[in-house]
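K.L.:
Enclosed is the structure file structure_30.cif (mmCIF, C-alpha atoms).
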```cif
data_start
#
loop_
_atom_site.label_atom_id
_atom_site.label_comp_id
_atom_site.auth_asym_id
_atom_site.auth_seq_id
_atom_site.Cartn_x
_atom_site.Cartn_y
_atom_site.Cartn_z
CA MET H 1 -29.77 -183.23 -134.94
CA TRP H 2 -30.29 -182.41 -138.60
CA THR H 3 -27.42 -181.55 -140.88
CA CYS H 4 -27.41 -179.08 -143.79
CA ALA H 5 -25.03 -179.21 -146.76
CA VAL H 6 -24.64 -175.46 -147.02
CA ASP H 7 -20.93 -174.90 -146.50
CA GLY H 8 -20.82 -172.44 -149.40
CA ALA H 9 -24.12 -170.74 -148.56
CA PRO H 10 -24.51 -167.32 -146.90
CA ALA H 11 -24.12 -167.22 -143.12
CA ARG H 12 -27.79 -166.43 -142.53
CA TRP H 13 -28.77 -169.65 -144.33
CA ARG H 14 -26.32 -171.74 -142.29
CA LEU H 15 -27.75 -170.20 -139.11
CA CYS H 16 -31.28 -171.02 -140.26
CA CYS H 17 -30.33 -174.66 -140.75
CA ARG H 18 -28.73 -174.83 -137.30
CA VAL H 19 -31.83 -173.35 -135.67
CA SER H 20 -34.10 -175.78 -137.50
CA GLY H 21 -31.75 -178.58 -136.50
CA MET H 22 -32.21 -177.62 -132.83
CA MET H 23 -35.96 -178.16 -133.23
CA GLU H 24 -35.67 -181.93 -132.86
CA PRO H 25 -39.03 -183.72 -132.96
CA LYS H 26 -40.30 -185.05 -129.63
CA GLY H 27 -43.12 -187.28 -128.62
CA SER H 28 -44.69 -190.39 -130.04
CA ASP H 29 -43.73 -192.17 -133.23
CA GLY H 30 -47.01 -191.12 -134.84
CA GLY H 31 -46.15 -187.45 -134.41
CA ARG H 32 -42.51 -187.66 -135.46
CA ASP H 33 -43.17 -187.76 -139.19
CA ARG H 34 -45.46 -184.75 -139.01
CA GLU H 35 -43.00 -182.82 -136.88
CA SER H 36 -40.13 -183.80 -139.22
CA GLU H 37 -42.04 -182.51 -142.23
CA ALA H 38 -42.91 -179.32 -140.35
CA GLY H 39 -39.27 -178.83 -139.40
CA LEU H 40 -38.24 -179.37 -143.03
CA ALA H 41 -40.75 -176.72 -144.11
CA LEU H 42 -39.20 -174.30 -141.62
CA ARG H 43 -35.77 -174.90 -143.12
CA TYR H 44 -36.95 -173.74 -146.55
CA GLN H 45 -39.27 -170.80 -147.04
CA SER H 46 -40.36 -168.65 -150.01
CA TYR H 47 -41.29 -164.96 -149.84
CA ARG H 48 -43.79 -162.87 -151.79
CA ARG H 49 -40.96 -160.43 -152.48
CA ARG H 50 -39.61 -162.95 -154.99
CA TRP H 51 -42.18 -161.80 -157.56
CA LEU H 52 -40.91 -158.21 -157.32
CA VAL H 53 -37.35 -159.42 -157.88
CA LEU H 54 -38.54 -161.44 -160.88
CA PHE H 55 -40.48 -158.51 -162.34
CA ALA H 56 -37.56 -156.11 -161.90
CA SER H 57 -35.06 -158.46 -163.56
CA SER H 58 -37.53 -159.19 -166.38
CA ALA H 59 -38.17 -155.48 -167.03
CA LEU H 60 -34.43 -154.86 -167.15
CA SER H 61 -33.87 -157.74 -169.58
CA CYS H 62 -36.67 -156.50 -171.84
CA SER H 63 -35.28 -152.94 -171.88
CA ASN H 64 -31.75 -154.13 -172.62
CA ALA H 65 -32.95 -156.23 -175.57
CA MET H 66 -34.81 -153.21 -176.96
CA CYS H 67 -31.63 -151.13 -176.77
CA TRP H 68 -29.60 -153.89 -178.42
CA LEU H 69 -31.80 -154.13 -181.54
CA THR H 70 -32.92 -150.51 -181.69
CA PHE H 71 -31.31 -149.95 -185.08
CA ALA H 72 -31.36 -153.40 -186.72
CA PRO H 73 -34.99 -153.15 -187.97
CA ILE H 74 -34.28 -149.67 -189.41
CA ALA H 75 -30.75 -150.21 -190.68
CA ASP H 76 -31.32 -148.14 -193.82
CA GLN H 77 -32.82 -145.17 -191.95
CA THR H 78 -30.02 -145.33 -189.39
CA ALA H 79 -27.39 -145.22 -192.13
CA ARG H 80 -29.03 -142.18 -193.67
CA TYR H 81 -29.46 -140.28 -190.38
CA PHE H 82 -25.93 -140.81 -189.07
CA HIS H 83 -24.30 -140.78 -192.55
CA ILE H 84 -22.66 -144.16 -192.03
CA SER H 85 -22.32 -147.40 -194.00
CA MET H 86 -24.31 -150.59 -193.50
CA ASP H 87 -21.23 -152.26 -192.02
CA GLN H 88 -21.15 -149.56 -189.34
CA VAL H 89 -24.84 -150.14 -188.67
CA ASN H 90 -24.10 -153.83 -188.14
CA TRP H 91 -21.48 -152.89 -185.58
CA LEU H 92 -24.18 -151.26 -183.46
CA SER H 93 -25.59 -154.75 -182.88
CA MET H 94 -22.36 -156.74 -183.08
CA ILE H 95 -20.73 -154.69 -180.30
CA TYR H 96 -23.07 -156.46 -177.87
CA LEU H 97 -21.74 -159.83 -178.98
CA ILE H 98 -18.08 -158.82 -178.93
CA VAL H 99 -18.23 -157.18 -175.51
CA GLY H 100 -20.24 -160.10 -174.13
CA VAL H 101 -17.44 -162.61 -174.74
CA PRO H 102 -14.69 -161.21 -172.45
CA PHE H 103 -17.08 -159.47 -170.06
CA GLY H 104 -19.13 -162.64 -169.70
CA PHE H 105 -16.38 -164.31 -167.66
CA TRP H 106 -16.25 -161.33 -165.27
CA THR H 107 -20.04 -161.39 -165.05
CA THR H 108 -20.10 -164.99 -163.85
CA TRP H 109 -17.64 -164.04 -161.09
CA ILE H 110 -19.77 -161.02 -160.10
CA LEU H 111 -22.95 -163.09 -159.88
CA ASP H 112 -21.41 -166.00 -157.97
CA MET H 113 -19.15 -163.97 -155.67
CA LEU H 114 -20.87 -160.57 -155.19
CA GLY H 115 -24.45 -161.72 -155.58
CA LEU H 116 -27.58 -161.12 -157.60
CA LYS H 117 -28.38 -157.71 -156.09
CA THR H 118 -25.05 -156.15 -157.09
CA SER H 119 -25.24 -157.62 -160.57
CA LEU H 120 -28.75 -156.41 -161.38
CA ILE H 121 -28.29 -152.92 -159.95
CA LEU H 122 -25.02 -152.47 -161.84
CA SER H 123 -26.67 -153.73 -165.02
CA SER H 124 -29.64 -151.38 -164.66
CA TRP H 125 -27.43 -148.30 -164.31
CA LEU H 126 -25.20 -149.32 -167.21
CA ASN H 127 -28.29 -149.85 -169.34
CA LEU H 128 -29.72 -146.45 -168.38
CA ALA H 129 -26.36 -144.76 -169.05
CA GLY H 130 -26.29 -146.37 -172.50
CA CYS H 131 -29.75 -145.02 -173.32
CA ALA H 132 -28.67 -141.58 -172.10
CA MET H 133 -25.70 -141.63 -174.46
CA GLN H 134 -27.93 -142.71 -177.33
CA LEU H 135 -30.24 -139.81 -176.58
CA LEU H 136 -27.26 -137.45 -176.43
CA SER H 137 -26.09 -138.66 -179.85
CA VAL H 138 -29.24 -137.27 -181.53
CA ALA H 139 -29.22 -133.92 -179.68
CA ASP H 140 -29.28 -130.86 -181.94
CA PHE H 141 -26.19 -129.29 -180.38
CA ILE H 142 -23.98 -132.31 -181.20
CA PRO H 143 -22.00 -131.92 -184.48
CA GLN H 144 -23.33 -134.33 -187.09
CA GLU H 145 -20.19 -135.88 -188.53
CA SER H 146 -17.65 -135.79 -185.73
CA TRP H 147 -19.60 -136.77 -182.59
CA LYS H 148 -22.99 -138.35 -183.27
CA PHE H 149 -21.92 -141.83 -184.32
CA PRO H 150 -19.08 -142.13 -181.74
CA LEU H 151 -21.50 -141.14 -178.98
CA LEU H 152 -23.97 -143.69 -180.28
CA MET H 153 -21.30 -146.40 -180.19
CA VAL H 154 -20.42 -145.45 -176.60
CA GLY H 155 -24.08 -145.85 -175.66
CA GLN H 156 -24.28 -149.25 -177.34
CA THR H 157 -21.08 -150.32 -175.58
CA LEU H 158 -22.50 -149.40 -172.17
CA GLY H 159 -25.61 -151.40 -172.99
CA ALA H 160 -23.40 -154.28 -174.10
CA LEU H 161 -21.66 -154.25 -170.71
CA ALA H 162 -25.06 -154.49 -169.04
CA GLN H 163 -26.30 -157.38 -171.17
CA PRO H 164 -24.34 -160.30 -169.64
CA LEU H 165 -25.20 -159.13 -166.14
CA VAL H 166 -28.91 -159.42 -166.82
CA LEU H 167 -28.91 -162.39 -169.21
CA PHE H 168 -26.97 -164.56 -166.75
CA SER H 169 -29.47 -163.85 -163.97
CA PRO H 170 -32.63 -165.91 -164.82
CA THR H 171 -31.30 -169.22 -163.49
CA LYS H 172 -29.83 -167.42 -160.47
CA VAL H 173 -33.11 -165.64 -159.67
CA ALA H 174 -35.05 -168.89 -160.01
CA ALA H 175 -32.59 -170.88 -157.88
CA ILE H 176 -32.16 -168.37 -155.04
CA TRP H 177 -35.68 -166.96 -154.66
CA PHE H 178 -38.11 -169.67 -155.82
CA PRO H 179 -38.99 -173.15 -154.47
CA GLU H 180 -38.18 -176.07 -156.72
CA GLN H 181 -41.75 -176.46 -158.04
CA GLN H 182 -41.69 -172.83 -159.28
CA ARG H 183 -38.13 -172.67 -160.60
CA ALA H 184 -38.94 -173.61 -164.18
CA THR H 185 -41.76 -171.06 -164.33
CA ALA H 186 -39.61 -168.28 -162.89
CA ASN H 187 -36.75 -169.10 -165.26
CA MET H 188 -39.17 -169.13 -168.20
CA ILE H 189 -40.67 -165.72 -167.33
CA SER H 190 -37.29 -164.09 -166.80
CA SER H 191 -35.76 -165.66 -169.90
CA MET H 192 -38.71 -164.72 -172.14
CA ALA H 193 -38.39 -161.06 -171.18
CA ASN H 194 -35.38 -160.72 -173.48
CA PRO H 195 -37.14 -162.07 -176.61
CA LEU H 196 -40.09 -159.86 -175.68
CA GLY H 197 -37.77 -156.86 -175.85
CA ILE H 198 -36.57 -158.04 -179.27
CA LEU H 199 -40.22 -158.19 -180.38
CA PHE H 200 -40.87 -154.67 -179.11
CA ALA H 201 -37.79 -153.38 -180.93
CA ASN H 202 -38.89 -154.93 -184.22
CA ILE H 203 -42.35 -153.38 -183.85
CA LEU H 204 -41.57 -149.95 -182.39
CA SER H 205 -38.48 -148.98 -184.38
CA PRO H 206 -40.11 -149.24 -187.85
CA MET H 207 -43.32 -147.74 -186.49
CA LEU H 208 -41.64 -144.66 -185.00
CA VAL H 209 -38.92 -144.06 -187.62
CA LYS H 210 -40.57 -143.79 -191.03
CA LYS H 211 -38.07 -141.11 -191.96
CA PRO H 212 -34.59 -140.33 -190.58
CA SER H 213 -35.68 -137.12 -188.85
CA SER H 214 -37.78 -139.17 -186.40
CA MET H 215 -34.70 -140.76 -184.80
CA PRO H 216 -34.73 -138.49 -181.67
CA VAL H 217 -38.31 -139.57 -180.89
CA LEU H 218 -37.20 -143.20 -180.95
CA MET H 219 -34.37 -142.54 -178.51
CA ILE H 220 -36.75 -140.85 -176.05
CA VAL H 221 -39.24 -143.72 -176.21
CA TYR H 222 -36.53 -146.34 -175.57
CA ALA H 223 -35.10 -144.40 -172.63
CA VAL H 224 -38.39 -144.65 -170.70
CA PRO H 225 -38.31 -148.45 -170.10
CA ALA H 226 -34.63 -148.20 -169.15
CA ALA H 227 -35.44 -145.58 -166.49
CA ILE H 228 -38.35 -147.65 -165.12
CA ALA H 229 -36.23 -150.81 -164.97
CA CYS H 230 -33.43 -148.94 -163.19
CA LEU H 231 -35.88 -147.59 -160.60
CA LEU H 232 -37.44 -151.02 -159.98
CA THR H 233 -34.08 -152.71 -159.63
CA SER H 234 -32.46 -150.09 -157.41
CA VAL H 235 -35.44 -149.74 -155.07
CA GLY H 236 -37.04 -153.19 -155.22
CA ILE H 237 -34.03 -155.49 -154.75
CA ARG H 238 -32.89 -154.99 -151.16
CA ASN H 239 -31.18 -158.29 -150.33
CA LYS H 240 -28.56 -160.49 -151.97
CA VAL H 241 -30.50 -163.58 -150.90
CA PRO H 242 -33.80 -164.17 -149.07
CA PRO H 243 -33.54 -164.56 -145.28
CA THR H 244 -34.29 -168.29 -145.59
CA PRO H 245 -33.46 -170.45 -148.63
CA PRO H 246 -36.49 -171.71 -150.59
CA SER H 247 -34.97 -175.13 -151.37
CA ALA H 248 -31.99 -177.40 -150.78
CA GLY H 249 -30.59 -176.38 -154.17
CA ALA H 250 -30.69 -172.71 -153.12
CA ALA H 251 -28.77 -173.51 -149.96
CA ASN H 252 -25.97 -174.94 -152.12
CA SER H 253 -26.27 -172.29 -154.84
CA THR H 254 -22.80 -170.85 -154.24
CA SER H 255 -21.11 -174.08 -153.17
CA GLU H 256 -18.34 -174.16 -155.80
CA PRO H 257 -15.74 -171.37 -156.18
CA PHE H 258 -15.71 -169.70 -159.59
CA PHE H 259 -12.44 -171.03 -161.03
CA ARG H 260 -13.01 -174.52 -159.67
CA GLY H 261 -16.48 -174.42 -161.22
CA VAL H 262 -15.06 -173.47 -164.62
CA LYS H 263 -12.61 -176.38 -164.46
CA MET H 264 -15.44 -178.76 -163.59
CA LEU H 265 -17.48 -177.51 -166.56
CA LEU H 266 -14.61 -177.94 -168.99
CA LYS H 267 -14.33 -181.60 -167.90
CA ASN H 268 -18.09 -182.23 -168.19
CA LYS H 269 -18.78 -183.84 -171.58
CA ALA H 270 -22.55 -183.31 -171.48
CA TYR H 271 -22.13 -179.65 -170.60
CA LEU H 272 -19.57 -179.05 -173.37
CA ILE H 273 -21.98 -180.52 -175.95
CA LEU H 274 -24.75 -178.28 -174.61
CA MET H 275 -22.46 -175.25 -174.61
CA VAL H 276 -21.47 -175.69 -178.27
CA CYS H 277 -24.83 -176.78 -179.70
CA PHE H 278 -27.19 -174.63 -177.65
CA GLY H 279 -24.74 -171.72 -177.81
CA GLY H 280 -24.78 -172.14 -181.59
CA GLY H 281 -28.56 -171.87 -181.54
CA ILE H 282 -28.28 -168.62 -179.59
CA GLY H 283 -25.73 -167.36 -182.12
CA VAL H 284 -27.97 -168.24 -185.09
CA PHE H 285 -30.96 -166.50 -183.52
CA THR H 286 -28.86 -163.47 -182.59
CA SER H 287 -27.35 -163.01 -186.03
CA PHE H 288 -30.67 -163.62 -187.80
CA SER H 289 -32.40 -161.01 -185.63
CA ALA H 290 -29.67 -158.45 -186.29
CA LEU H 291 -29.58 -159.02 -190.07
CA LEU H 292 -33.28 -159.66 -190.78
CA GLN H 293 -34.07 -156.21 -192.21
CA GLN H 294 -31.12 -156.35 -194.59
CA ILE H 295 -32.12 -159.87 -195.70
CA LEU H 296 -35.70 -158.92 -196.48
CA CYS H 297 -35.40 -155.42 -197.94
CA VAL H 298 -33.82 -156.69 -201.18
CA ARG H 299 -36.96 -158.80 -201.70
CA GLY H 300 -39.23 -155.77 -201.52
CA TYR H 301 -40.19 -155.92 -197.86
CA SER H 302 -40.00 -152.48 -196.26
CA ASN H 303 -39.32 -151.59 -192.62
CA VAL H 304 -43.05 -151.26 -191.98
CA SER H 305 -43.78 -154.80 -193.15
CA ARG H 306 -45.10 -154.22 -196.65
CA MET H 307 -45.65 -157.88 -197.40
CA ARG H 308 -44.74 -158.60 -201.02
CA ASP H 309 -45.34 -161.81 -203.03
CA GLN H 310 -45.33 -164.26 -200.08
CA PRO H 311 -46.70 -162.40 -197.06
CA TYR H 312 -48.34 -165.30 -195.22
CA GLY H 313 -45.49 -167.72 -195.79
CA LEU H 314 -42.98 -165.23 -194.43
CA ALA H 315 -45.17 -164.51 -191.40
CA VAL H 316 -45.60 -168.21 -190.61
CA VAL H 317 -41.90 -169.03 -190.97
CA CYS H 318 -40.79 -166.12 -188.78
CA SER H 319 -43.46 -166.95 -186.19
CA LEU H 320 -42.37 -170.58 -185.99
CA PHE H 321 -38.73 -169.57 -185.77
CA GLY H 322 -39.49 -167.27 -182.86
CA LEU H 323 -41.88 -169.67 -181.12
CA LEU H 324 -39.54 -172.65 -181.21
CA GLY H 325 -36.43 -170.58 -180.52
CA PHE H 326 -37.95 -168.76 -177.54
CA SER H 327 -39.43 -171.90 -176.00
CA ILE H 328 -36.14 -173.80 -176.00
CA TYR H 329 -34.14 -171.01 -174.37
CA PRO H 330 -35.24 -171.45 -170.70
CA VAL H 331 -35.16 -175.23 -171.12
CA GLY H 332 -31.56 -175.08 -172.34
CA MET H 333 -30.51 -172.87 -169.45
CA GLU H 334 -32.16 -175.20 -166.92
CA LEU H 335 -30.42 -178.17 -168.56
CA GLY H 336 -27.11 -176.36 -168.16
CA VAL H 337 -27.70 -176.00 -164.42
CA GLU H 338 -28.91 -179.57 -163.99
CA CYS H 339 -26.04 -181.26 -165.82
CA SER H 340 -23.36 -179.10 -164.14
CA TYR H 341 -24.56 -179.07 -160.51
CA PRO H 342 -23.06 -178.15 -158.00
CA VAL H 343 -21.38 -175.47 -160.14
CA GLY H 344 -22.98 -172.05 -159.63
CA GLU H 345 -25.92 -171.14 -161.86
CA ALA H 346 -24.27 -167.99 -163.18
CA THR H 347 -21.16 -169.90 -164.22
CA SER H 348 -23.02 -172.64 -166.09
CA ALA H 349 -25.38 -170.19 -167.81
CA GLY H 350 -22.56 -167.73 -168.45
CA LEU H 351 -20.35 -170.03 -170.50
CA ILE H 352 -23.33 -171.01 -172.67
CA PHE H 353 -24.06 -167.35 -173.25
CA VAL H 354 -20.41 -166.59 -174.07
CA SER H 355 -20.45 -169.45 -176.59
CA GLY H 356 -23.58 -168.02 -178.20
CA GLN H 357 -22.16 -164.48 -178.33
CA LEU H 358 -18.92 -165.69 -179.87
CA GLN H 359 -20.64 -167.74 -182.55
CA GLY H 360 -23.16 -164.97 -183.24
CA SER H 361 -20.44 -162.37 -183.74
CA LEU H 362 -18.63 -164.70 -186.17
CA PHE H 363 -21.87 -165.20 -188.13
CA ILE H 364 -22.56 -161.46 -188.37
CA TYR H 365 -18.98 -160.73 -189.38
CA PHE H 366 -18.50 -163.43 -192.03
CA LEU H 367 -21.97 -163.94 -193.55
CA PRO H 368 -22.01 -160.58 -195.39
CA ALA H 369 -18.94 -161.76 -197.30
CA LEU H 370 -21.13 -164.48 -198.89
CA ALA H 371 -23.83 -162.02 -199.97
CA GLN H 372 -23.85 -160.66 -203.54
CA PRO H 373 -24.67 -157.07 -204.58
CA VAL H 374 -28.04 -156.56 -206.27
CA THR H 375 -29.35 -153.71 -208.40
CA SER H 376 -32.92 -154.91 -209.05
CA ASP H 377 -35.79 -152.44 -208.95
CA GLY H 378 -37.74 -154.63 -206.56
CA SER H 379 -35.49 -153.74 -203.62
CA ALA H 380 -36.98 -151.73 -200.74
CA CYS H 381 -33.56 -150.91 -199.24
CA GLN H 382 -33.14 -147.17 -198.83
CA VAL H 383 -29.35 -147.04 -198.81
CA GLY H 384 -28.56 -146.37 -202.44
CA VAL H 385 -27.77 -148.48 -205.49
CA GLY H 386 -25.13 -151.14 -204.90
CA ALA H 387 -25.50 -151.09 -201.10
CA ALA H 388 -28.19 -153.78 -201.03
CA LEU H 389 -27.05 -157.42 -200.94
CA ASP H 390 -28.65 -160.72 -201.92
CA TRP H 391 -28.61 -162.85 -198.76
CA THR H 392 -29.76 -166.15 -200.28
CA VAL H 393 -26.45 -168.00 -199.81
CA PRO H 394 -25.76 -166.67 -196.26
CA THR H 395 -29.28 -167.61 -195.18
CA LEU H 396 -28.85 -171.17 -196.47
CA VAL H 397 -25.49 -171.44 -194.71
CA LEU H 398 -27.09 -170.25 -191.48
CA ALA H 399 -29.87 -172.83 -191.83
CA ALA H 400 -27.31 -175.60 -192.44
CA ILE H 401 -25.33 -174.63 -189.32
CA CYS H 402 -28.51 -174.59 -187.24
CA SER H 403 -29.56 -178.02 -188.52
CA LEU H 404 -26.12 -179.54 -187.92
CA GLU H 405 -25.92 -178.33 -184.33
CA ALA H 406 -29.49 -179.47 -183.61
CA CYS H 407 -28.71 -182.97 -184.89
CA CYS H 408 -25.47 -183.17 -182.88
CA PHE H 409 -27.32 -182.14 -179.73
CA ALA H 410 -30.10 -184.69 -180.23
CA LEU H 411 -27.66 -187.54 -180.88
CA LEU H 412 -24.87 -186.77 -178.41
CA PHE H 413 -26.36 -185.02 -175.37
CA HIS H 414 -27.18 -187.32 -172.45
CA THR H 415 -27.19 -186.33 -168.78
CA GLU H 416 -28.79 -186.92 -165.40
CA TYR H 417 -30.61 -184.21 -163.46
CA ARG H 418 -27.98 -183.71 -160.78
CA ARG H 419 -29.59 -180.81 -158.92
CA VAL H 420 -32.98 -182.55 -158.68
CA SER H 421 -31.32 -185.74 -157.44
CA ALA H 422 -29.30 -183.83 -154.83
CA GLU H 423 -32.40 -182.06 -153.54
CA ASP H 424 -34.35 -185.32 -153.32
CA ASN H 425 -31.50 -186.92 -151.36
CA GLU H 426 -31.22 -183.90 -149.07
CA ASP H 427 -34.93 -183.86 -148.27
CA SER H 428 -35.00 -187.63 -147.70
CA SER H 429 -32.01 -187.44 -145.36
CA ALA H 430 -33.59 -184.62 -143.37
CA LEU H 431 -36.85 -186.51 -142.93
CA LEU H 432 -34.99 -189.69 -141.96
CA ASP H 433 -32.83 -187.88 -139.40
CA GLY H 434 -35.92 -186.30 -137.89
CA ALA H 435 -37.68 -189.65 -137.64
CA VAL H 436 -34.88 -191.39 -135.76
CA SER H 437 -33.91 -188.53 -133.44
CA GLU H 438 -35.15 -188.57 -129.86
#
```
Kindly present the structure from the file in structure tokens form.
P.N.:
Amino acid sequence: MWTCAVDGAPARWRLCCRVSGMMEPKGSDGGRDRESEAGLALRYQSYRRRWLVLFASSALSCSNAMCWLTFAPIADQTARYFHISMDQVNWLSMIYLIVGVPFGFWTTWILDMLGLKTSLILSSWLNLAGCAMQLLSVADFIPQESWKFPLLMVGQTLGALAQPLVLFSPTKVAAIWFPEQQRATANMISSMANPLGILFANILSPMLVKKPSSMPVLMIVYAVPAAIACLLTSVGIRNKVPPTPPSAGAANSTSEPFFRGVKMLLKNKAYLILMVCFGGGIGVFTSFSALLQQILCVRGYSNVSRMRDQPYGLAVVCSLFGLLGFSIYPVGMELGVECSYPVGEATSAGLIFVSGQLQGSLFIYFLPALAQPVTSDGSACQVGVGAALDWTVPTLVLAAICSLEACCFALLFHTEYRRVSAEDNEDSSALLDGAVSE
């Protein structure tokens, strides 16, 4: 009889393995191999519903990223509309990073203990509630000085609570719902949804807000994707896990308890290097995205991309930064799962994310202290004389940090693919047991 290493898996998956184990191959030696392979296929099955789960989680991630960077590309217009300083505008983005650090640990527990369904539905409603509060902050009946900005911060905080729940999910969605040959593709699609939302925010915000009075229109437009994502998630995700696991790795997806998994990660040298270096890359990208408008406006680049002096060079550099940064993200998350197996996917991805949020918040908080005030006429910043800063030194410091962490990762990170090896051993054992059984 076949055995299944699924002690930590849901009961329905353990039952599936027992039923498949009862289907012992009979007959001649020539038919045993075929029957063993057929029995192995019955043990693991994928469902078309997995694409709906992937689309719902991707739509939610895209919407949440749009809400995060709603105001960063129009920092000057935001300051004028809400009558706040540029430091307060930065807090609208930095609140996501600060909230993500402590809440990230709770999120890993939610994903590993309560499941993917609970996590995504909770995230979708928090994200929608955040957009609703943002919309309320620009309502005409709200007093300008006393309520608008506090309501806006409440909305951003709700969105910040939703962010870890959705950003931790790509590796979990890929591991639970997709067979091993589709895991990398599913993880890539789900992970790229967040940068896609960042792209939409950098395009739509400057396009829709050419003057401060257009801010309510922007809030309405951004609330629509949040409502669609909430509907897709609440209606489309009906199960915590598929009825039958798609792979051996999925059957062991929840094998390690949360706190034991954290202890295992903190003793894993390869994972710690990945957490610091790859988390640093996330922090650099996060801080650069949040501060980009303030960096460029002093050089004469407006919110609507009025390319001045070096238009093509700027476009090429930003494109390469996004292309290389986006492409490495799903690879890094998959590496985190592979080098930390059998720790749960949410736990391994979560600590990397927390590292990135922590480093990103430190960058956003301390880098402005290195910037120098400018009063040149070439500035396109619309926040008044003396409010614009020269970001040359902070940008060079950020580039140096990025280069240092990349070099450390390339030189120090070495690991084996533990999950792939475990699945290969599991499949080989199952086929061997089927071949020798009578």
K.L.:
With all atoms listed in the file as the counted atoms, please give the residues lying no more than 8 Å from range 407-413 of chain H, apart from itself and same-chain residues fewer than 2 positions off, as number ranges by chain.
P.N.:
H: 270, 273-274, 277-278, 403-405, 415
K.L.:
Rounded to one decimal in Å, what is the spacing between CA of Leu158 in chain H and CA of Gly279 in chain H?
P.N.:
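Separating CA of Leu158 in chain H from CA of Gly279 in chain H is a distance of 23.1 Å.
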K.L.:
Would you kindly translate the PyMOL selection byres ((chain H and resi 345-361) around 7) into the concrete residues it picks from this file, as a PyMOL selection string?
P.N.:
chain H and resi 94+97-98+100-101+104+108+111-112+168-169+171-172+275-276+279-280+282-284+286-287+333+336-337+340+343-344+362-365
K.L.:
Those same residues, written as a compact mmCIF listing (two decimals), keeping the file's coordinate frame with C-alpha atoms?
P.N.:
```
# COMPACT_ATOMS: atom_id res chain seq x y z
CA MET H 94 -22.36 -156.74 -183.08
CA LEU H 97 -21.74 -159.83 -178.98
CA ILE H 98 -18.08 -158.82 -178.93
CA GLY H 100 -20.24 -160.10 -174.13
CA VAL H 101 -17.44 -162.61 -174.74
CA GLY H 104 -19.13 -162.64 -169.70
CA THR H 108 -20.10 -164.99 -163.85
CA LEU H 111 -22.95 -163.09 -159.88
CA ASP H 112 -21.41 -166.00 -157.97
CA PHE H 168 -26.97 -164.56 -166.75
CA SER H 169 -29.47 -163.85 -163.97
CA THR H 171 -31.30 -169.22 -163.49
CA LYS H 172 -29.83 -167.42 -160.47
CA MET H 275 -22.46 -175.25 -174.61
CA VAL H 276 -21.47 -175.69 -178.27
CA GLY H 279 -24.74 -171.72 -177.81
CA GLY H 280 -24.78 -172.14 -181.59
CA ILE H 282 -28.28 -168.62 -179.59
CA GLY H 283 -25.73 -167.36 -182.12
CA VAL H 284 -27.97 -168.24 -185.09
CA THR H 286 -28.86 -163.47 -182.59
CA SER H 287 -27.35 -163.01 -186.03
CA MET H 333 -30.51 -172.87 -169.45
CA GLY H 336 -27.11 -176.36 -168.16
CA VAL H 337 -27.70 -176.00 -164.42
CA SER H 340 -23.36 -179.10 -164.14
CA VAL H 343 -21.38 -175.47 -160.14
CA GLY H 344 -22.98 -172.05 -159.63
CA LEU H 362 -18.63 -164.70 -186.17
CA PHE H 363 -21.87 -165.20 -188.13
CA ILE H 364 -22.56 -161.46 -188.37
CA TYR H 365 -18.98 -160.73 -189.38
```
K.L.:
Nearest residue to Leu128 in chain H out of H:Asn64, H:Asn90, H:Gln181, H:Thr70, using only C-alpha atoms?
P.N.:
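Looking only at the distances to Leu128 in chain H, the closest residue turns out to be H:Asn64.
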K.L.:
So the first atom is CA of Ile401 in chain H and the second is CA of Trp91 in chain H; what is the distance between them in Å, to one decimal place?
P.N.:
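Here the two named atoms are 22.4 Å from each other.
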K.L.:
If we count only C-alpha atoms and set the cut-off at 6 Å, which residues sit around range 190-205 of chain H, ignoring sequence neighbours fewer than 6 positions away in its own chain? Please answer as a PyMOL selection string.
P.N.:
chain H and resi 58+61-62+65-66+70+73+170+330
K.L.:
When you look at Ile237 in chain H with a cut-off of 9 Å (counting only C-alpha atoms), what residues show up, excluding the ones that are within fewer than 3 positions of it in the same chain? I need them as a list in words.
P.N.:
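These residues fall inside the cut-off: Arg49, Leu52, Val53, Ala56, Lys117, Leu120, Ile121, Leu232, Thr233, Ser234 and Lys240 of chain H.
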K.L.:
Taking all atoms listed in the file into account, name the residue in H:Leu396, H:Leu320, H:Gln294, H:Ser46 that is nearest to Pro245 in chain H.
P.N.:
H:Ser46
K.L.:
Once the PyMOL selection byres ((chain H and resi 84) around 12) has been applied to the shown file, what residues remain in the selection, as a list of chain:residue names?
P.N.:
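On the file shown, the PyMOL selection byres ((chain H and resi 84) around 12) covers H:Ala75, H:Asp76, H:Gln77, H:Thr78, H:Ala79, H:Arg80, H:Tyr81, H:Phe82, H:His83, H:Ser85, H:Met86, H:Asp87, H:Gln88, H:Val89, H:Asn90, H:Trp91, H:Leu92, H:Gln144, H:Glu145, H:Ser146, H:Lys148, H:Phe149, H:Pro150, H:Leu152, H:Val383, H:Ala387.
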K.L.:
Find, counting all atoms listed in the file, the residue in H:Met188, H:Leu208, H:Leu151, H:Ala162 that gets nearest to Leu60 in chain H.
P.N.:
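Distance minimum relative to Leu60 in chain H lands on H:Ala162.
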